[in-house]
Amino acid sequence: MLASAVACPIAASLAGCYWLASYQDLTSGLGQGGDAEGDAFKEGGDVLVEAGPFCPVDAGPLVYCMDFDGVDASILGLGTSQASATIVSGVYVSPPSSLFVRLYGQASSGAYGVSFPFEPTTSTLQFDVSSPVLGQWVTLLSISLYEDSTNTARTLNVVVSPEGVFQVQEYFALEDGGSEQNGHTAVPLDGGAEAGAWHHVVLSLTVDDAQQKYLSGLTVDGQVLENDQPLGLSWAQGNAQLGVGVTYGGGGGPQFYFDNIRADFAL
């Protein structure tokens with residue numbers, strides 16, 4: 001079982017359905033004519049631009065989307081440790097690009113973070129992932145809730161085994177430098193996991209202090225691996241953060257492509 005925490009730079013604080021702009025976008029006359037759907041925004045020092053077809057404008061104010069198309073990787077704030085991470089063309093679910101991460105050693109990572117200025121009661125994170133080379137325990141994308149009063153980051157991870165079995169993991173990074181973790185039951189995919197195949201993953205997290213509801217869910221390729229699973233650790237609401245990419249790798253060798261990241265939140 002892997003332990004992991006998102007220790008990558010925070011890319012943006014998003015108040016709506018935006019994605020990070022590429023340098024080309026920022027110099028191509030966006031916003032000319034005063035059309036709100038084409039304007040470039042600047043919030044907290046990060047330049048954002050309205051999302052395209054993958055995340056339509058009417059998706060709502062509590063949605064984050066990224067399909068890596070037309071995006072300069074340097075704007076994402078990718079952080080790497082014993083790994084490489086970049087946007088590549090030619091391998092994708094939605095053309096033409098995806099995020100590619102290659103791991104080279106123990107305790108490796110290649111990911112970026114996105115933080116939000118709200119405390120959701122429900123969070124749903126979905127993404128497409130392909131791994132032509134696996135062979136190690138790897139922690140993929142995550143939803144974190146950060147509680148300021150206790151300096152505690154509570155994280156729900158998607159973990160994949162060396163054999164391609166997906167699993168949910170709870171991981172807490174505590175104020176004193178310690179940690180707690182709880183791995184859920186791993187359920188193999190029907191028909192097994194084929195190397196290099198694309199999988200659509202949906203991770204859900206419900207943390208509602210008022211209703212005392214603390215639940216998780218995981219679906220892969222339409223197969224429900226867990227649904228409204230009671231969480232094993234002591235959760236509490238906090239500001240939402242996403243970890244996108246490989247947030248922890250157990251060794252060198254694995255390679256991953258990521259596409260069509262979407263997170264939906266409800267307050």
# chains A, B, ... in the order shown; residues from 1 in each chain; ligands from 1

call {"tool": "residues_around", "arguments": {"residues": "Ser142 in chain A", "least_positions_apart": "2", "cutoff": "12 Å", "atoms": "only C-alpha atoms", "output": "number ranges by chain"}}
result
A: 4-7, 111-115, 123-127, 138-140, 144-145, 153-159, 167-171, 201-205, 218, 240-248, 261-263

call {"tool": "write_last_selection", "arguments": {"atoms": "N, CA and C atoms", "output": "compact mmCIF listing (two decimals), in the first residue's frame"}}
result
# COMPACT_ATOMS: atom_id res chain seq x y z
N SER A 4 0.96 8.65 0.10
CA SER A 4 1.27 9.75 -0.80
C SER A 4 0.64 11.03 -0.31
N ALA A 5 1.23 12.13 -0.71
CA ALA A 5 0.65 13.44 -0.46
C ALA A 5 1.02 14.32 -1.62
N VAL A 6 0.12 15.23 -1.98
CA VAL A 6 0.39 16.13 -3.09
C VAL A 6 1.36 17.19 -2.62
N ALA A 7 2.57 17.18 -3.16
CA ALA A 7 3.57 18.15 -2.76
C ALA A 7 4.04 18.95 -3.97
N ALA A 111 3.33 15.63 -11.22
CA ALA A 111 1.94 16.06 -11.08
C ALA A 111 1.88 17.57 -10.89
N TYR A 112 0.67 18.10 -10.97
CA TYR A 112 0.43 19.49 -10.59
C TYR A 112 -0.79 19.55 -9.68
N GLY A 113 -0.89 20.64 -8.93
CA GLY A 113 -2.00 20.80 -8.00
C GLY A 113 -2.91 21.94 -8.40
N VAL A 114 -4.17 21.82 -8.05
CA VAL A 114 -5.15 22.88 -8.24
C VAL A 114 -5.89 23.07 -6.93
N SER A 115 -5.94 24.30 -6.42
CA SER A 115 -6.63 24.57 -5.16
C SER A 115 -7.87 25.42 -5.41
N SER A 123 -17.49 15.86 -3.93
CA SER A 123 -16.51 16.10 -4.98
C SER A 123 -16.48 14.88 -5.89
N THR A 124 -16.53 15.11 -7.19
CA THR A 124 -16.45 14.01 -8.16
C THR A 124 -15.34 14.33 -9.15
N LEU A 125 -14.35 13.46 -9.22
CA LEU A 125 -13.19 13.63 -10.10
C LEU A 125 -13.17 12.49 -11.11
N GLN A 126 -13.18 12.84 -12.39
CA GLN A 126 -13.10 11.81 -13.42
C GLN A 126 -11.96 12.13 -14.38
N PHE A 127 -11.36 11.07 -14.92
CA PHE A 127 -10.23 11.23 -15.82
C PHE A 127 -10.04 9.96 -16.64
N VAL A 138 1.37 2.56 -7.78
CA VAL A 138 1.42 3.97 -8.15
C VAL A 138 0.14 4.66 -7.67
N THR A 139 0.29 5.85 -7.11
CA THR A 139 -0.84 6.69 -6.73
C THR A 139 -1.09 7.71 -7.82
N LEU A 140 -2.30 7.73 -8.34
CA LEU A 140 -2.66 8.61 -9.45
C LEU A 140 -3.30 9.90 -8.93
N SER A 144 -8.16 16.32 -2.25
CA SER A 144 -7.76 16.63 -0.88
C SER A 144 -8.66 17.70 -0.29
N LEU A 145 -8.86 17.62 1.02
CA LEU A 145 -9.57 18.64 1.78
C LEU A 145 -8.61 19.13 2.87
N ALA A 153 -4.18 17.85 5.95
CA ALA A 153 -4.62 17.59 4.57
C ALA A 153 -5.15 16.16 4.51
N ARG A 154 -6.44 16.04 4.24
CA ARG A 154 -7.08 14.74 4.13
C ARG A 154 -7.28 14.43 2.65
N THR A 155 -6.73 13.32 2.18
CA THR A 155 -6.67 13.04 0.75
C THR A 155 -7.29 11.69 0.43
N LEU A 156 -8.06 11.67 -0.65
CA LEU A 156 -8.59 10.43 -1.20
C LEU A 156 -7.89 10.18 -2.53
N ASN A 157 -7.14 9.09 -2.59
CA ASN A 157 -6.32 8.76 -3.75
C ASN A 157 -6.93 7.65 -4.59
N VAL A 158 -6.61 7.68 -5.89
CA VAL A 158 -6.78 6.51 -6.75
C VAL A 158 -5.43 5.83 -6.88
N VAL A 159 -5.35 4.59 -6.44
CA VAL A 159 -4.10 3.81 -6.48
C VAL A 159 -4.27 2.67 -7.47
N GLN A 167 -7.78 0.96 -6.88
CA GLN A 167 -8.12 0.92 -5.46
C GLN A 167 -8.23 2.34 -4.92
N VAL A 168 -9.05 2.52 -3.90
CA VAL A 168 -9.17 3.80 -3.20
C VAL A 168 -8.30 3.75 -1.94
N GLN A 169 -7.62 4.87 -1.68
CA GLN A 169 -6.82 4.98 -0.47
C GLN A 169 -7.09 6.31 0.21
N GLU A 170 -7.29 6.27 1.53
CA GLU A 170 -7.36 7.48 2.35
C GLU A 170 -5.97 7.76 2.91
N TYR A 171 -5.54 9.03 2.83
CA TYR A 171 -4.22 9.40 3.34
C TYR A 171 -4.31 10.77 4.00
N VAL A 201 -11.94 6.68 -15.27
CA VAL A 201 -12.00 6.52 -13.82
C VAL A 201 -12.84 7.65 -13.21
N VAL A 202 -13.73 7.30 -12.30
CA VAL A 202 -14.54 8.29 -11.59
C VAL A 202 -14.39 8.04 -10.09
N LEU A 203 -13.85 9.03 -9.39
CA LEU A 203 -13.65 8.97 -7.94
C LEU A 203 -14.61 9.98 -7.30
N SER A 204 -15.34 9.55 -6.28
CA SER A 204 -16.26 10.46 -5.59
C SER A 204 -15.96 10.49 -4.11
N LEU A 205 -16.18 11.67 -3.52
CA LEU A 205 -15.92 11.89 -2.10
C LEU A 205 -17.04 12.73 -1.52
N LEU A 218 -15.85 4.59 -6.33
CA LEU A 218 -14.90 4.44 -7.43
C LEU A 218 -15.54 3.60 -8.53
N ALA A 240 -10.90 22.51 -0.96
CA ALA A 240 -10.62 21.43 -1.90
C ALA A 240 -9.33 21.68 -2.67
N GLN A 241 -8.62 20.59 -2.94
CA GLN A 241 -7.43 20.61 -3.79
C GLN A 241 -7.45 19.35 -4.65
N LEU A 242 -6.91 19.45 -5.85
CA LEU A 242 -6.74 18.30 -6.73
C LEU A 242 -5.26 18.05 -6.94
N GLY A 243 -4.88 16.77 -7.03
CA GLY A 243 -3.57 16.37 -7.49
C GLY A 243 -3.75 15.67 -8.82
N VAL A 244 -3.11 16.19 -9.88
CA VAL A 244 -3.33 15.69 -11.24
C VAL A 244 -2.02 15.13 -11.80
N GLY A 245 -2.01 13.84 -12.11
CA GLY A 245 -0.83 13.16 -12.62
C GLY A 245 -0.51 11.99 -11.72
N VAL A 246 0.77 11.69 -11.57
CA VAL A 246 1.23 10.66 -10.63
C VAL A 246 1.70 11.38 -9.38
N THR A 247 0.99 11.20 -8.27
CA THR A 247 1.35 11.88 -7.03
C THR A 247 2.33 11.09 -6.18
N TYR A 248 2.48 9.77 -6.48
CA TYR A 248 3.49 8.97 -5.78
C TYR A 248 3.71 7.67 -6.54
N ILE A 261 -9.47 15.55 -17.80
CA ILE A 261 -9.65 15.69 -16.35
C ILE A 261 -10.87 16.58 -16.10
N ARG A 262 -11.77 16.15 -15.25
CA ARG A 262 -12.90 16.97 -14.88
C ARG A 262 -13.24 16.74 -13.41
N ALA A 263 -13.44 17.83 -12.67
CA ALA A 263 -13.88 17.75 -11.29
C ALA A 263 -15.13 18.60 -11.11

call {"tool": "select_by_dssp", "arguments": {"residues": "range 56-94 of chain A", "states": "strand (DSSP E)", "output": "list in words"}}
result
Val63, Tyr64, Cys65, Met66, Gly79, Thr80, Ser81, Ala83, Ser84, Ala85, Thr86, Ile87, Val88 and Ser89 of chain A

call {"tool": "write_last_selection", "arguments": {"atoms": "N, CA and C atoms", "output": "PDB file, in the first residue's frame"}}
result
ATOM      1  N   VAL A  63     -16.790  23.779 -11.360  1.00  0.00           N
ATOM      2  CA  VAL A  63     -16.279  22.744 -12.252  1.00  0.00           C
ATOM      3  C   VAL A  63     -14.863  23.108 -12.683  1.00  0.00           C
ATOM      4  N   TYR A  64     -13.969  22.109 -12.696  1.00  0.00           N
ATOM      5  CA  TYR A  64     -12.619  22.277 -13.248  1.00  0.00           C
ATOM      6  C   TYR A  64     -12.432  21.274 -14.375  1.00  0.00           C
ATOM      7  N   CYS A  65     -11.876  21.727 -15.494  1.00  0.00           N
ATOM      8  CA  CYS A  65     -11.636  20.848 -16.641  1.00  0.00           C
ATOM      9  C   CYS A  65     -10.238  21.072 -17.207  1.00  0.00           C
ATOM     10  N   MET A  66      -9.646  20.019 -17.738  1.00  0.00           N
ATOM     11  CA  MET A  66      -8.360  20.123 -18.427  1.00  0.00           C
ATOM     12  C   MET A  66      -8.222  18.944 -19.382  1.00  0.00           C
ATOM     13  N   GLY A  79       5.238  19.650 -11.014  1.00  0.00           N
ATOM     14  CA  GLY A  79       6.342  19.338 -10.130  1.00  0.00           C
ATOM     15  C   GLY A  79       6.768  17.892 -10.334  1.00  0.00           C
ATOM     16  N   THR A  80       8.070  17.643 -10.404  1.00  0.00           N
ATOM     17  CA  THR A  80       8.561  16.285 -10.623  1.00  0.00           C
ATOM     18  C   THR A  80       9.644  15.931  -9.609  1.00  0.00           C
ATOM     19  N   SER A  81       9.675  14.658  -9.248  1.00  0.00           N
ATOM     20  CA  SER A  81      10.726  14.105  -8.404  1.00  0.00           C
ATOM     21  C   SER A  81      11.040  12.707  -8.929  1.00  0.00           C
ATOM     22  N   ALA A  83      11.203  11.820 -11.903  1.00  0.00           N
ATOM     23  CA  ALA A  83      10.189  11.580 -12.934  1.00  0.00           C
ATOM     24  C   ALA A  83      10.265  12.696 -13.952  1.00  0.00           C
ATOM     25  N   SER A  84       9.647  12.466 -15.099  1.00  0.00           N
ATOM     26  CA  SER A  84       9.454  13.516 -16.091  1.00  0.00           C
ATOM     27  C   SER A  84       7.963  13.627 -16.376  1.00  0.00           C
ATOM     28  N   ALA A  85       7.511  14.838 -16.687  1.00  0.00           N
ATOM     29  CA  ALA A  85       6.100  15.078 -16.971  1.00  0.00           C
ATOM     30  C   ALA A  85       5.996  16.170 -18.020  1.00  0.00           C
ATOM     31  N   THR A  86       5.252  15.896 -19.081  1.00  0.00           N
ATOM     32  CA  THR A  86       5.108  16.863 -20.160  1.00  0.00           C
ATOM     33  C   THR A  86       3.839  16.580 -20.947  1.00  0.00           C
ATOM     34  N   ILE A  87       3.400  17.547 -21.723  1.00  0.00           N
ATOM     35  CA  ILE A  87       2.268  17.364 -22.619  1.00  0.00           C
ATOM     36  C   ILE A  87       2.786  16.841 -23.946  1.00  0.00           C
ATOM     37  N   VAL A  88       2.155  15.790 -24.462  1.00  0.00           N
ATOM     38  CA  VAL A  88       2.588  15.163 -25.710  1.00  0.00           C
ATOM     39  C   VAL A  88       1.405  15.084 -26.670  1.00  0.00           C
ATOM     40  N   SER A  89       1.722  14.963 -27.946  1.00  0.00           N
ATOM     41  CA  SER A  89       0.700  14.805 -28.976  1.00  0.00           C
ATOM     42  C   SER A  89       0.763  13.397 -29.551  1.00  0.00           C
TER      43      SER A  89
END

call {"tool": "atom_distance", "arguments": {"atom1": "CA of Gly110 in chain A", "atom2": "CA of Leu174 in chain A"}}
result
22.5 Å

call {"tool": "atom_distance", "arguments": {"atom1": "CA of Thr206 in chain A", "atom2": "CA of Gln237 in chain A"}}
result
9.3 Å

call {"tool": "residues_around", "arguments": {"residues": "Tyr257 in chain A", "least_positions_apart": "3", "cutoff": "6 Å", "atoms": "only C-alpha atoms", "output": "list in words"}}
result
Leu99, Phe100, Val129 and Ser130 of chain A

call {"tool": "closest_residue", "arguments": {"among": "A:Leu76, A:Ser179, A:Pro162, A:Ile143", "to": "Thr122 in chain A", "atoms": "only C-alpha atoms"}}
result
A:Ile143
